[in-house]
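Input: a single structure, listed below in structure tokens.
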Amino acid sequence: MNGVPASDSMLRHGSDDPLPERRELRAGPVSMVFEAGDLRTLRRNGREVLRRIYGAVRDANWGTVPGVISHLVVDDSGDGFVVGYTQVHQRGPVHFAWQATITGDAAGTVRFVLDGEARATFLRNRIGLCVLHPIRECAGTPCRALYGNGTGQQMRFPGIIAAEQPVRWLHDLAGLAHEVSPGLWAEVRFAGDAFETEDQRNWIDASFKTYGTPLRLPFPMEIREGTRVRQEVVLRWHGPEAPTPASRPTIVISEAPRVPVLRVRRPPAPLRLPRIGLGAATHGRILTEEQARRLQFLHPAHLRVDLRVWERRWQDRLFLVASEAADLGAQLEVVLHLNENPGQDLRSVAAHLGGFRDVIARLLVLHRGRRSTTPTALAAARRHLGKALPDVPLGAGTDGDLYQINLSRPPADADFICWSMNPQVHAADTSSVAETPPAAGQQVSSVAAYFPGRPLYVSPVSLRPRGNPNATGPEAPQAAGELPSAVDPRQLSLFGAAWTLAMVKALAEAGAAGATFYETTGWQGVLETSAGSPLPARFPSGAGGVFPLFHVLADLGACVDGRVLEVCGDPGEGLAALAVATGERTAVWVANLGRETRQLKLDGISGGGMWRRLDASTVRSAVNAPEPFRQAPGERWTPGMPVGLPPFATLRLLLDPGTILPDAPAQAA
């Protein structure tokens with residue numbers, strides 16, 4: 001990138017290190033993947049049963065301390081296996097080591113044992129095994145809880161996202177089972193601690209998590225040097241297995257040789273593409289003329305500006321971002337952070353904001369030190385800003401994730417509800433991040449149920465958490481040469497672009513009114529500053545270049561107010577597809593969040609189109625010379641033509657004007 005060396009690996013997935021090796025294992029009828037010490041995607045007859053089983057060590061601020069694996073041994077007999085390894089977690093005062101023993105047999109029984117010892121005295125919030133239950137297969141479905149006292153009861157996993165954590169009645173567990181197919185139950189037994197289940201969709205994890213050490217116990221908890229920890233998780237099966245009824249396929253993106261079928265069609269009541277904006281850069285540099293020109297490709301609906309009234313010169317910040325928004329043809333999304341006495345702050349705020357009444361799209365009111373907007377803060381804003389901003393919607397919500405809203409619900413009579421999303425509250429590996437977009441859509445659907453009829457805005461969407469609302473003490477200082485905690489090198493990668501497309505798809509199809517993605521410039525933005533990366537060895541972006549996700553947002557920016565079409569069917573693991581119609585043109589995007597090349601075929605459409613692929617073969621030209629990349633017509637596509645989608649690639653197909661799409665069948669009344 002403009003002379004800054006970025007490896008092919010870095011451009012693909014944001015790291016010079018190779019992705020962890022994946023190995024397929026079987027335990028009789030159960031298939032799974034062994035990756036970086038974890039068991040992932042445990043399936044039976046193609047249906048995902050468990051998403052992941054793994055060991056975790058979390059420090060006093062809920063930071064996940066990564067482990068280093070050694071002495072790995074895998075004995076695979078074909079329909080069974082034995083895996084063993086040692087894993088050591090060491091960061092700051094934390095030092096914990098454990099031995100894993102994982103087995104699977106021909107009957108489908110899978111056992112995971114963690115046997116470890118603290119090698120120092122330190123504070124921890126969690127040490128032990130975690131089991132993830134997939135949301136697509138489990139949300140709203142029957143489950144059975146077996147409690148440590150020997151009693152049990154049958155219930156359902158939550159449908160909409162549970163506000164209460166752990167999930168009501170899923171605590172003090174010795175076992176948890178759910179129905180995989182009619183009559184067949186997968187039961188997970190736990191030993192070594194009292195386990196409970198939380199709804200991780202609160203943080204856009206696509207899973208329910210069952211873990212040891214109940215949250216009702218005080219934390220952080222001291223673990224003394226030499227303390228032993230032994231836990232065990234066992235997956236077993238109960239009941240006869242009923243045959244799975246065949247599903248009938250309808251457009252058709254298909255994958256060869258196994259062909260999952262997708263249809264793009266006109267829904268009876270199409271949604272509009274959310275209004276997508278950007279956050280104003282937080283690094284303090286002013287947009288250059290060239291940066292403003294490039295950002296205009298994105299047609300941002302708004303720029304988000306955070307105004308903390310206790311900070312000096314917040315008025316200057318408002319004027320600067322308003323000027324940048326005018327250069328981009330965008331409105332302002334104002335996030336007003338109020339002090340403990342909101343009324344006193346607002347007397348001076350009203351005069352300054354009133355001068356921008358015609359360019360403010362909405363104003364989110366936040367209350368300093370509170371999890372979400374308080375009724376007091378919203379009422380004060382209405383009282384003091386009503387005359388200055390008579391037509392500006394005043395919203396409530398949080399600067400944090402959905403869980404903050406569930407801990408403290410904001411006023412339901414706000415003009416809109418707003419909260420933020422990021423995929424790395426619990427896990428940072430690429431496989432886990434790739435799984436999160438469907439849970440983002442479920443967040444929107446759940447908030448719509450919490451606050452019926454209110455417009456919903458997600459702001460901002462970022463790759464990393466911007467803070468830690470659950471910290472129990474001060475964060476460790478940033479080490480020299482390390483990236484800030486809010487920065488992720490995947491921002492400059494093809495994976496970042498594919499994840500962005502998948503997130504827009506999820507938010508759009510769930511009915512979000514708008515979303516703010518990233519920042520304008522810098523290593524949390526969509527293009528690099530003219531000064532380049534402050535740490536090129538860790539974040540090798542070229543001065544003045546754009547990031548691959550720039551092109552995804554530019555494509556979507558050209559579809560302002562477009563109609564979101566229905567994409568039905570199952571594209572297969574790791575693929576996300578979005579279709580939008582604007583005028584007489586229809587655009588279809590497909591993103592590959594996986595590490596394997598996928599061969600795709602789009603059928604069932606009359607007419608052709610032009611396709612363009614953002615992948616490892618085009619990414620360098622796309623980031624260094626974005627204008628020629630965007631102006632190139634692409635390649636001709638005709639119905640039935642197969643298209644390869646390499647790892648972390650994003651494909652855009654622009655159908656010819658007048659292309660006819662089938663109508664979705666009318667839903668029964």
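Ordering of the structure tokens sets the chain letters (A, B, ...), residue numbers begin anew at 1 in every chain, and ligands are numbered from 1 in the order given.
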
Using only C-alpha atoms, which residues sit within 6 Å of segment 109-120 of chain A once same-chain residues fewer than 4 positions away are excluded, as an MDAnalysis selection string?
chainID A and resid 95:105 225:236

With only C-alpha atoms counted and 12 Å as the cut-off, give the residues of segment 427-541 of chain A in contact with segment 622-640 of chain A, each with its shortest interatomic distance in Å and the pair that gives it, as a tab-separated table.
```
residue	atom	partner	partner_atom	distance
A:Leu492	CA	A:Val623	CA	9.0
A:Ser493	CA	A:Val623	CA	10.0
A:Leu494	CA	A:Val623	CA	10.5
A:Ala497	CA	A:Val623	CA	11.8
A:Val526	CA	A:Val623	CA	10.4
A:Leu527	CA	A:Val623	CA	8.6
A:Glu528	CA	A:Val623	CA	9.8
A:Ser541	CA	A:Val623	CA	9.3
```

Residues of the last selection are to be written out with C-alpha atoms, as a PDB file, in the first residue's frame.
```
ATOM      1  CA  LEU A 492      -7.659  -2.833   6.439  1.00  0.00           C
ATOM      2  CA  SER A 493      -8.462  -6.378   5.312  1.00  0.00           C
ATOM      3  CA  LEU A 494     -10.751  -8.171   2.903  1.00  0.00           C
ATOM      4  CA  ALA A 497     -15.062  -5.718   4.000  1.00  0.00           C
ATOM      5  CA  VAL A 526     -12.744   3.718   5.938  1.00  0.00           C
ATOM      6  CA  LEU A 527      -9.591   5.308   4.523  1.00  0.00           C
ATOM      7  CA  GLU A 528      -6.160   6.135   5.837  1.00  0.00           C
ATOM      8  CA  SER A 541      -1.787   0.888   5.769  1.00  0.00           C
TER       9      SER A 541
END
```

Near Gly277 of chain A, within 6 Å and counting only C-alpha atoms, which residues show up once chain neighbours fewer than 6 positions away are dropped, as an NGL selection string?
:A and (300-303 or 516)

All residues 10 Å or closer to segment 179-185 of chain A, only C-alpha atoms, same chain fewer than 3 positions away omitted, as a list in words:
Arg43, Arg44, Asn45, Arg47, Glu48, Val49, Glu137, Cys138, Thr141, Pro142, Cys143, Arg144, Val188, Arg236, Trp237, His238, Gly239, Pro240, Glu241, Ala242, Pro243 and Thr244 of chain A

Any chance you could list, as a VMD selection string, the residues in segment 109-167 of chain A that come up strand (DSSP E) when DSSP is run on the backbone?
chain A and resid 110 to 118 122 to 134 142 to 147 152 to 156

Any chance you can output those residues with N, CA, C and O atoms as a short mmCIF file (atom, residue, chain, number, x, y, z; two decimals), in the first residue's frame?
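Below is the file that was written, again_29.cif:
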```cif
data_model
loop_
_atom_site.label_atom_id
_atom_site.label_comp_id
_atom_site.auth_asym_id
_atom_site.auth_seq_id
_atom_site.Cartn_x
_atom_site.Cartn_y
_atom_site.Cartn_z
N VAL A 110 -19.05 -37.11 23.24
CA VAL A 110 -17.87 -36.24 23.17
C VAL A 110 -17.60 -35.73 24.58
O VAL A 110 -18.51 -35.24 25.27
N ARG A 111 -16.35 -35.87 25.02
CA ARG A 111 -15.96 -35.47 26.37
C ARG A 111 -14.79 -34.48 26.28
O ARG A 111 -13.82 -34.72 25.56
N PHE A 112 -14.89 -33.38 27.05
CA PHE A 112 -13.84 -32.35 27.07
C PHE A 112 -13.50 -32.11 28.53
O PHE A 112 -14.35 -31.71 29.32
N VAL A 113 -12.22 -32.36 28.91
CA VAL A 113 -11.76 -32.22 30.29
C VAL A 113 -10.69 -31.14 30.35
O VAL A 113 -9.74 -31.14 29.56
N LEU A 114 -10.84 -30.22 31.30
CA LEU A 114 -9.83 -29.21 31.62
C LEU A 114 -9.30 -29.50 33.00
O LEU A 114 -10.08 -29.58 33.96
N ASP A 115 -7.99 -29.69 33.12
CA ASP A 115 -7.35 -29.99 34.41
C ASP A 115 -6.15 -29.07 34.54
O ASP A 115 -5.14 -29.24 33.85
N GLY A 116 -6.27 -28.04 35.41
CA GLY A 116 -5.23 -27.03 35.44
C GLY A 116 -4.85 -26.56 36.82
O GLY A 116 -5.40 -27.00 37.84
N GLU A 117 -3.88 -25.62 36.84
CA GLU A 117 -3.33 -25.11 38.10
C GLU A 117 -2.91 -23.66 37.91
O GLU A 117 -2.33 -23.28 36.88
N ALA A 118 -3.21 -22.84 38.93
CA ALA A 118 -2.73 -21.46 38.93
C ALA A 118 -1.25 -21.44 39.27
O ALA A 118 -0.83 -22.02 40.27
N PHE A 122 -3.56 -14.40 41.53
CA PHE A 122 -4.08 -13.26 40.73
C PHE A 122 -5.60 -13.19 40.89
O PHE A 122 -6.24 -14.11 41.42
N LEU A 123 -6.17 -12.10 40.41
CA LEU A 123 -7.61 -11.92 40.40
C LEU A 123 -8.16 -12.39 39.06
O LEU A 123 -7.61 -12.08 38.01
N ARG A 124 -9.27 -13.11 39.12
CA ARG A 124 -9.88 -13.59 37.88
C ARG A 124 -11.40 -13.47 38.01
O ARG A 124 -11.96 -13.51 39.11
N ASN A 125 -12.05 -13.33 36.87
CA ASN A 125 -13.51 -13.37 36.84
C ASN A 125 -14.04 -14.72 36.38
O ASN A 125 -15.17 -15.08 36.69
N ARG A 126 -13.22 -15.44 35.59
CA ARG A 126 -13.67 -16.76 35.13
C ARG A 126 -12.45 -17.59 34.73
O ARG A 126 -11.54 -17.08 34.08
N ILE A 127 -12.48 -18.86 35.10
CA ILE A 127 -11.55 -19.86 34.59
C ILE A 127 -12.35 -21.14 34.39
O ILE A 127 -13.00 -21.62 35.33
N GLY A 128 -12.33 -21.68 33.20
CA GLY A 128 -13.02 -22.94 33.00
C GLY A 128 -13.57 -23.13 31.62
O GLY A 128 -13.24 -22.39 30.68
N LEU A 129 -14.41 -24.15 31.48
CA LEU A 129 -14.96 -24.54 30.20
C LEU A 129 -16.23 -23.76 29.88
O LEU A 129 -17.02 -23.43 30.78
N CYS A 130 -16.42 -23.49 28.60
CA CYS A 130 -17.62 -22.82 28.10
C CYS A 130 -18.18 -23.64 26.94
O CYS A 130 -17.43 -24.21 26.14
N VAL A 131 -19.50 -23.68 26.86
CA VAL A 131 -20.20 -24.38 25.77
C VAL A 131 -21.11 -23.36 25.08
O VAL A 131 -21.91 -22.69 25.75
N LEU A 132 -20.99 -23.26 23.77
CA LEU A 132 -21.83 -22.34 23.00
C LEU A 132 -22.90 -23.13 22.25
O LEU A 132 -22.60 -24.12 21.57
N HIS A 133 -24.13 -22.67 22.36
CA HIS A 133 -25.28 -23.28 21.70
C HIS A 133 -25.71 -22.35 20.56
O HIS A 133 -25.97 -21.17 20.80
N PRO A 134 -25.83 -22.83 19.32
CA PRO A 134 -26.08 -21.94 18.18
C PRO A 134 -27.48 -21.35 18.21
O PRO A 134 -28.46 -22.04 18.55
N PRO A 142 -37.38 -25.97 22.44
CA PRO A 142 -37.45 -26.61 23.76
C PRO A 142 -36.07 -26.99 24.29
O PRO A 142 -35.18 -27.41 23.54
N CYS A 143 -35.92 -26.88 25.60
CA CYS A 143 -34.70 -27.35 26.27
C CYS A 143 -35.08 -27.88 27.64
O CYS A 143 -36.17 -27.59 28.16
N ARG A 144 -34.18 -28.69 28.20
CA ARG A 144 -34.39 -29.26 29.52
C ARG A 144 -33.22 -28.89 30.40
O ARG A 144 -32.06 -29.09 30.03
N ALA A 145 -33.53 -28.35 31.58
CA ALA A 145 -32.49 -28.00 32.55
C ALA A 145 -32.43 -29.07 33.63
O ALA A 145 -33.47 -29.47 34.17
N LEU A 146 -31.23 -29.54 33.93
CA LEU A 146 -31.00 -30.45 35.06
C LEU A 146 -30.15 -29.70 36.08
O LEU A 146 -29.04 -29.26 35.77
N TYR A 147 -30.69 -29.53 37.29
CA TYR A 147 -30.02 -28.72 38.30
C TYR A 147 -29.11 -29.57 39.18
O TYR A 147 -29.23 -30.80 39.25
N GLY A 152 -35.17 -30.94 37.85
CA GLY A 152 -35.07 -30.42 36.49
C GLY A 152 -36.41 -29.90 36.01
O GLY A 152 -37.44 -30.09 36.65
N GLN A 153 -36.40 -29.22 34.88
CA GLN A 153 -37.63 -28.76 34.27
C GLN A 153 -37.40 -28.51 32.79
O GLN A 153 -36.27 -28.32 32.34
N GLN A 154 -38.51 -28.53 32.03
CA GLN A 154 -38.44 -28.26 30.60
C GLN A 154 -38.93 -26.85 30.33
O GLN A 154 -39.89 -26.38 30.96
N MET A 155 -38.29 -26.17 29.40
CA MET A 155 -38.62 -24.79 29.04
C MET A 155 -38.20 -24.58 27.60
O MET A 155 -38.07 -25.52 26.82
N ARG A 156 -37.95 -23.33 27.23
CA ARG A 156 -37.45 -23.00 25.90
C ARG A 156 -36.29 -22.03 26.03
O ARG A 156 -36.26 -21.19 26.94
#
```

Extract, using only C-alpha atoms, all DNA, RNA and protein residues at most 7 Å from segment 509-514 of chain A, discarding same-chain residues fewer than 5 positions from it, and format them as a ChimeraX atom specification.
/A:271,274-276,441,444-445,455-458

With N, CA and C atoms retained, export the selected residues as a short mmCIF file (atom, residue, chain, number, x, y, z; two decimals), in the first residue's frame.
```cif
data_model
loop_
_atom_site.label_atom_id
_atom_site.label_comp_id
_atom_site.auth_asym_id
_atom_site.auth_seq_id
_atom_site.Cartn_x
_atom_site.Cartn_y
_atom_site.Cartn_z
N LEU A 271 -38.44 -3.67 2.67
CA LEU A 271 -37.83 -2.69 3.56
C LEU A 271 -36.93 -1.77 2.76
N PRO A 274 -31.10 0.73 5.24
CA PRO A 274 -30.88 1.71 6.32
C PRO A 274 -30.05 2.89 5.85
N ARG A 275 -30.31 4.03 6.44
CA ARG A 275 -29.50 5.22 6.16
C ARG A 275 -28.14 5.01 6.84
N ILE A 276 -27.09 4.92 6.04
CA ILE A 276 -25.76 4.58 6.55
C ILE A 276 -24.90 5.83 6.62
N GLY A 441 -28.75 -8.90 13.55
CA GLY A 441 -30.12 -8.80 13.10
C GLY A 441 -31.10 -9.16 14.20
N VAL A 444 -31.71 -6.22 16.50
CA VAL A 444 -32.66 -5.24 15.99
C VAL A 444 -34.09 -5.75 16.18
N SER A 445 -34.34 -7.01 15.86
CA SER A 445 -35.68 -7.57 16.02
C SER A 445 -36.11 -7.55 17.49
N PRO A 455 -38.30 4.01 15.70
CA PRO A 455 -37.18 3.81 14.77
C PRO A 455 -35.94 3.38 15.54
N LEU A 456 -35.16 2.48 14.94
CA LEU A 456 -33.99 1.91 15.61
C LEU A 456 -32.73 2.26 14.84
N TYR A 457 -31.73 2.79 15.55
CA TYR A 457 -30.45 3.17 14.95
C TYR A 457 -29.33 2.46 15.69
N VAL A 458 -28.40 1.90 14.93
CA VAL A 458 -27.23 1.25 15.50
C VAL A 458 -26.05 2.18 15.25
#
```

List the neighbours of Glu596 of chain A out to 9 Å using only C-alpha atoms; skip same-chain residues closer than 4 positions along the sequence, and give me the result as an MDAnalysis selection string.
chainID A and resid 592 645:648

Find, counting only C-alpha atoms, the residue in A:Asp327, A:Leu363, A:Arg216, A:Arg91 that gets nearest to Glu289 of chain A.
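Nearest candidate to Glu289 of chain A out of A:Asp327, A:Leu363, A:Arg216, A:Arg91: A:Asp327.
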
Just to confirm, what's the straight-line distance from atom CA of Ser408 of chain A to atom CA of Ala449 of chain A in Å (one decimal)?
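Pair atom CA of Ser408 of chain A / atom CA of Ala449 of chain A returns 15.9 Å.
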
Distance criterion (only C-alpha atoms): nearest to Val57 of chain A out of A:Asp413, A:Ala577, A:Ala427, A:Gly386
A:Ala427

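Atom CA of Ala581 of chain A is positioned 16.0 Å from atom CA of Leu501 of chain A.
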
Which residue out of A:Met10, A:Leu72, A:Leu25, A:Thr500 has the minimum interatomic distance to Ala554 of chain A when only C-alpha atoms are used?
A:Thr500

I want to know what sits within 12 Å of Phe539 of chain A, based on only C-alpha atoms, with residues of the same chain fewer than 5 positions away left out; could you give that as an MDAnalysis selection string?
chainID A and resid 1 4:7 10:11 14:16 481:484 487:493 522:524 528 532:534 547

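Between atom CA of Asp205 of chain A and atom CA of Arg454 of chain A the separation is 24.2 Å.
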
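Secondary structure of segment 458-565 of chain A, alpha helix (DSSP H) only (DSSP, backbone atoms): A:Leu494, A:Phe495, A:Gly496, A:Ala497, A:Ala498, A:Trp499, A:Thr500, A:Leu501, A:Ala502, A:Met503, A:Val504, A:Lys505, A:Ala506, A:Leu507, A:Ala508, A:Glu509, A:Ala510, A:Pro548, A:Leu549, A:Phe550, A:His551, A:Val552, A:Leu553, A:Ala554, A:Asp555, A:Leu556, A:Gly557.
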
Expected file: the selected residues, N, CA and C atoms, as a compact mmCIF listing (two decimals), in the first residue's frame:
```txt
# COMPACT_ATOMS: atom_id res chain seq x y z
N LEU A 494 -9.60 -7.67 3.63
CA LEU A 494 -10.75 -8.17 2.90
C LEU A 494 -11.79 -8.75 3.86
N PHE A 495 -11.34 -9.38 4.93
CA PHE A 495 -12.28 -9.89 5.92
C PHE A 495 -13.13 -8.76 6.47
N GLY A 496 -12.51 -7.61 6.76
CA GLY A 496 -13.27 -6.46 7.27
C GLY A 496 -14.35 -6.03 6.31
N ALA A 497 -14.06 -6.09 5.00
CA ALA A 497 -15.06 -5.72 4.00
C ALA A 497 -16.20 -6.73 3.98
N ALA A 498 -15.87 -8.03 4.00
CA ALA A 498 -16.90 -9.06 3.97
C ALA A 498 -17.78 -8.98 5.22
N TRP A 499 -17.17 -8.76 6.38
CA TRP A 499 -17.94 -8.65 7.62
C TRP A 499 -18.86 -7.43 7.57
N THR A 500 -18.39 -6.33 7.00
CA THR A 500 -19.22 -5.13 6.87
C THR A 500 -20.45 -5.41 6.03
N LEU A 501 -20.27 -6.09 4.90
CA LEU A 501 -21.42 -6.42 4.05
C LEU A 501 -22.40 -7.30 4.82
N ALA A 502 -21.88 -8.29 5.54
CA ALA A 502 -22.76 -9.18 6.30
C ALA A 502 -23.52 -8.42 7.39
N MET A 503 -22.89 -7.43 8.00
CA MET A 503 -23.57 -6.64 9.02
C MET A 503 -24.66 -5.78 8.41
N VAL A 504 -24.39 -5.14 7.27
CA VAL A 504 -25.43 -4.33 6.63
C VAL A 504 -26.61 -5.21 6.25
N LYS A 505 -26.32 -6.39 5.72
CA LYS A 505 -27.40 -7.33 5.38
C LYS A 505 -28.27 -7.61 6.61
N ALA A 506 -27.63 -7.95 7.73
CA ALA A 506 -28.37 -8.31 8.93
C ALA A 506 -29.22 -7.14 9.43
N LEU A 507 -28.65 -5.95 9.47
CA LEU A 507 -29.39 -4.78 9.96
C LEU A 507 -30.52 -4.41 9.02
N ALA A 508 -30.25 -4.49 7.70
CA ALA A 508 -31.26 -4.12 6.72
C ALA A 508 -32.46 -5.06 6.77
N GLU A 509 -32.20 -6.36 6.77
CA GLU A 509 -33.29 -7.32 6.73
C GLU A 509 -34.08 -7.36 8.04
N ALA A 510 -33.47 -6.86 9.14
CA ALA A 510 -34.20 -6.79 10.41
C ALA A 510 -34.98 -5.50 10.56
N PRO A 548 -10.45 -1.86 2.11
CA PRO A 548 -11.40 -2.59 1.27
C PRO A 548 -12.87 -2.34 1.62
N LEU A 549 -13.17 -2.17 2.91
CA LEU A 549 -14.56 -1.93 3.30
C LEU A 549 -15.09 -0.61 2.74
N PHE A 550 -14.20 0.30 2.35
CA PHE A 550 -14.61 1.53 1.67
C PHE A 550 -15.48 1.20 0.46
N HIS A 551 -15.09 0.19 -0.31
CA HIS A 551 -15.80 -0.12 -1.55
C HIS A 551 -17.17 -0.73 -1.27
N VAL A 552 -17.28 -1.51 -0.21
CA VAL A 552 -18.58 -2.05 0.16
C VAL A 552 -19.54 -0.91 0.51
N LEU A 553 -19.08 0.03 1.33
CA LEU A 553 -19.93 1.14 1.74
C LEU A 553 -20.20 2.09 0.58
N ALA A 554 -19.24 2.23 -0.36
CA ALA A 554 -19.49 3.07 -1.54
C ALA A 554 -20.54 2.44 -2.44
N ASP A 555 -20.48 1.12 -2.63
CA ASP A 555 -21.51 0.43 -3.41
C ASP A 555 -22.89 0.65 -2.79
N LEU A 556 -22.98 0.49 -1.48
CA LEU A 556 -24.26 0.65 -0.80
C LEU A 556 -24.71 2.10 -0.80
N GLY A 557 -23.74 3.03 -0.74
CA GLY A 557 -24.09 4.44 -0.78
C GLY A 557 -24.75 4.86 -2.08
```

Do you have, as CSV, the list of residues of segment 404-495 of chain A lying at most 10 Å from segment 19-24 of chain A, each with its nearest atom pair and that distance in Å to one decimal, counting only C-alpha atoms and ordered by chain then number?
```
residue,atom,partner,partner_atom,distance
A:Asp429,CA,A:Leu19,CA,9.1
A:Thr430,CA,A:Leu19,CA,8.2
A:Ser431,CA,A:Leu19,CA,9.3
```

With C-alpha atoms retained, export the selected residues as a CSV table (one decimal), in the first residue's frame.
```
chain,number,residue,atom,x,y,z
A,429,ASP,CA,-10.5,-14.9,16.6
A,430,THR,CA,-11.6,-14.6,13.0
A,431,SER,CA,-13.8,-17.6,13.1
```
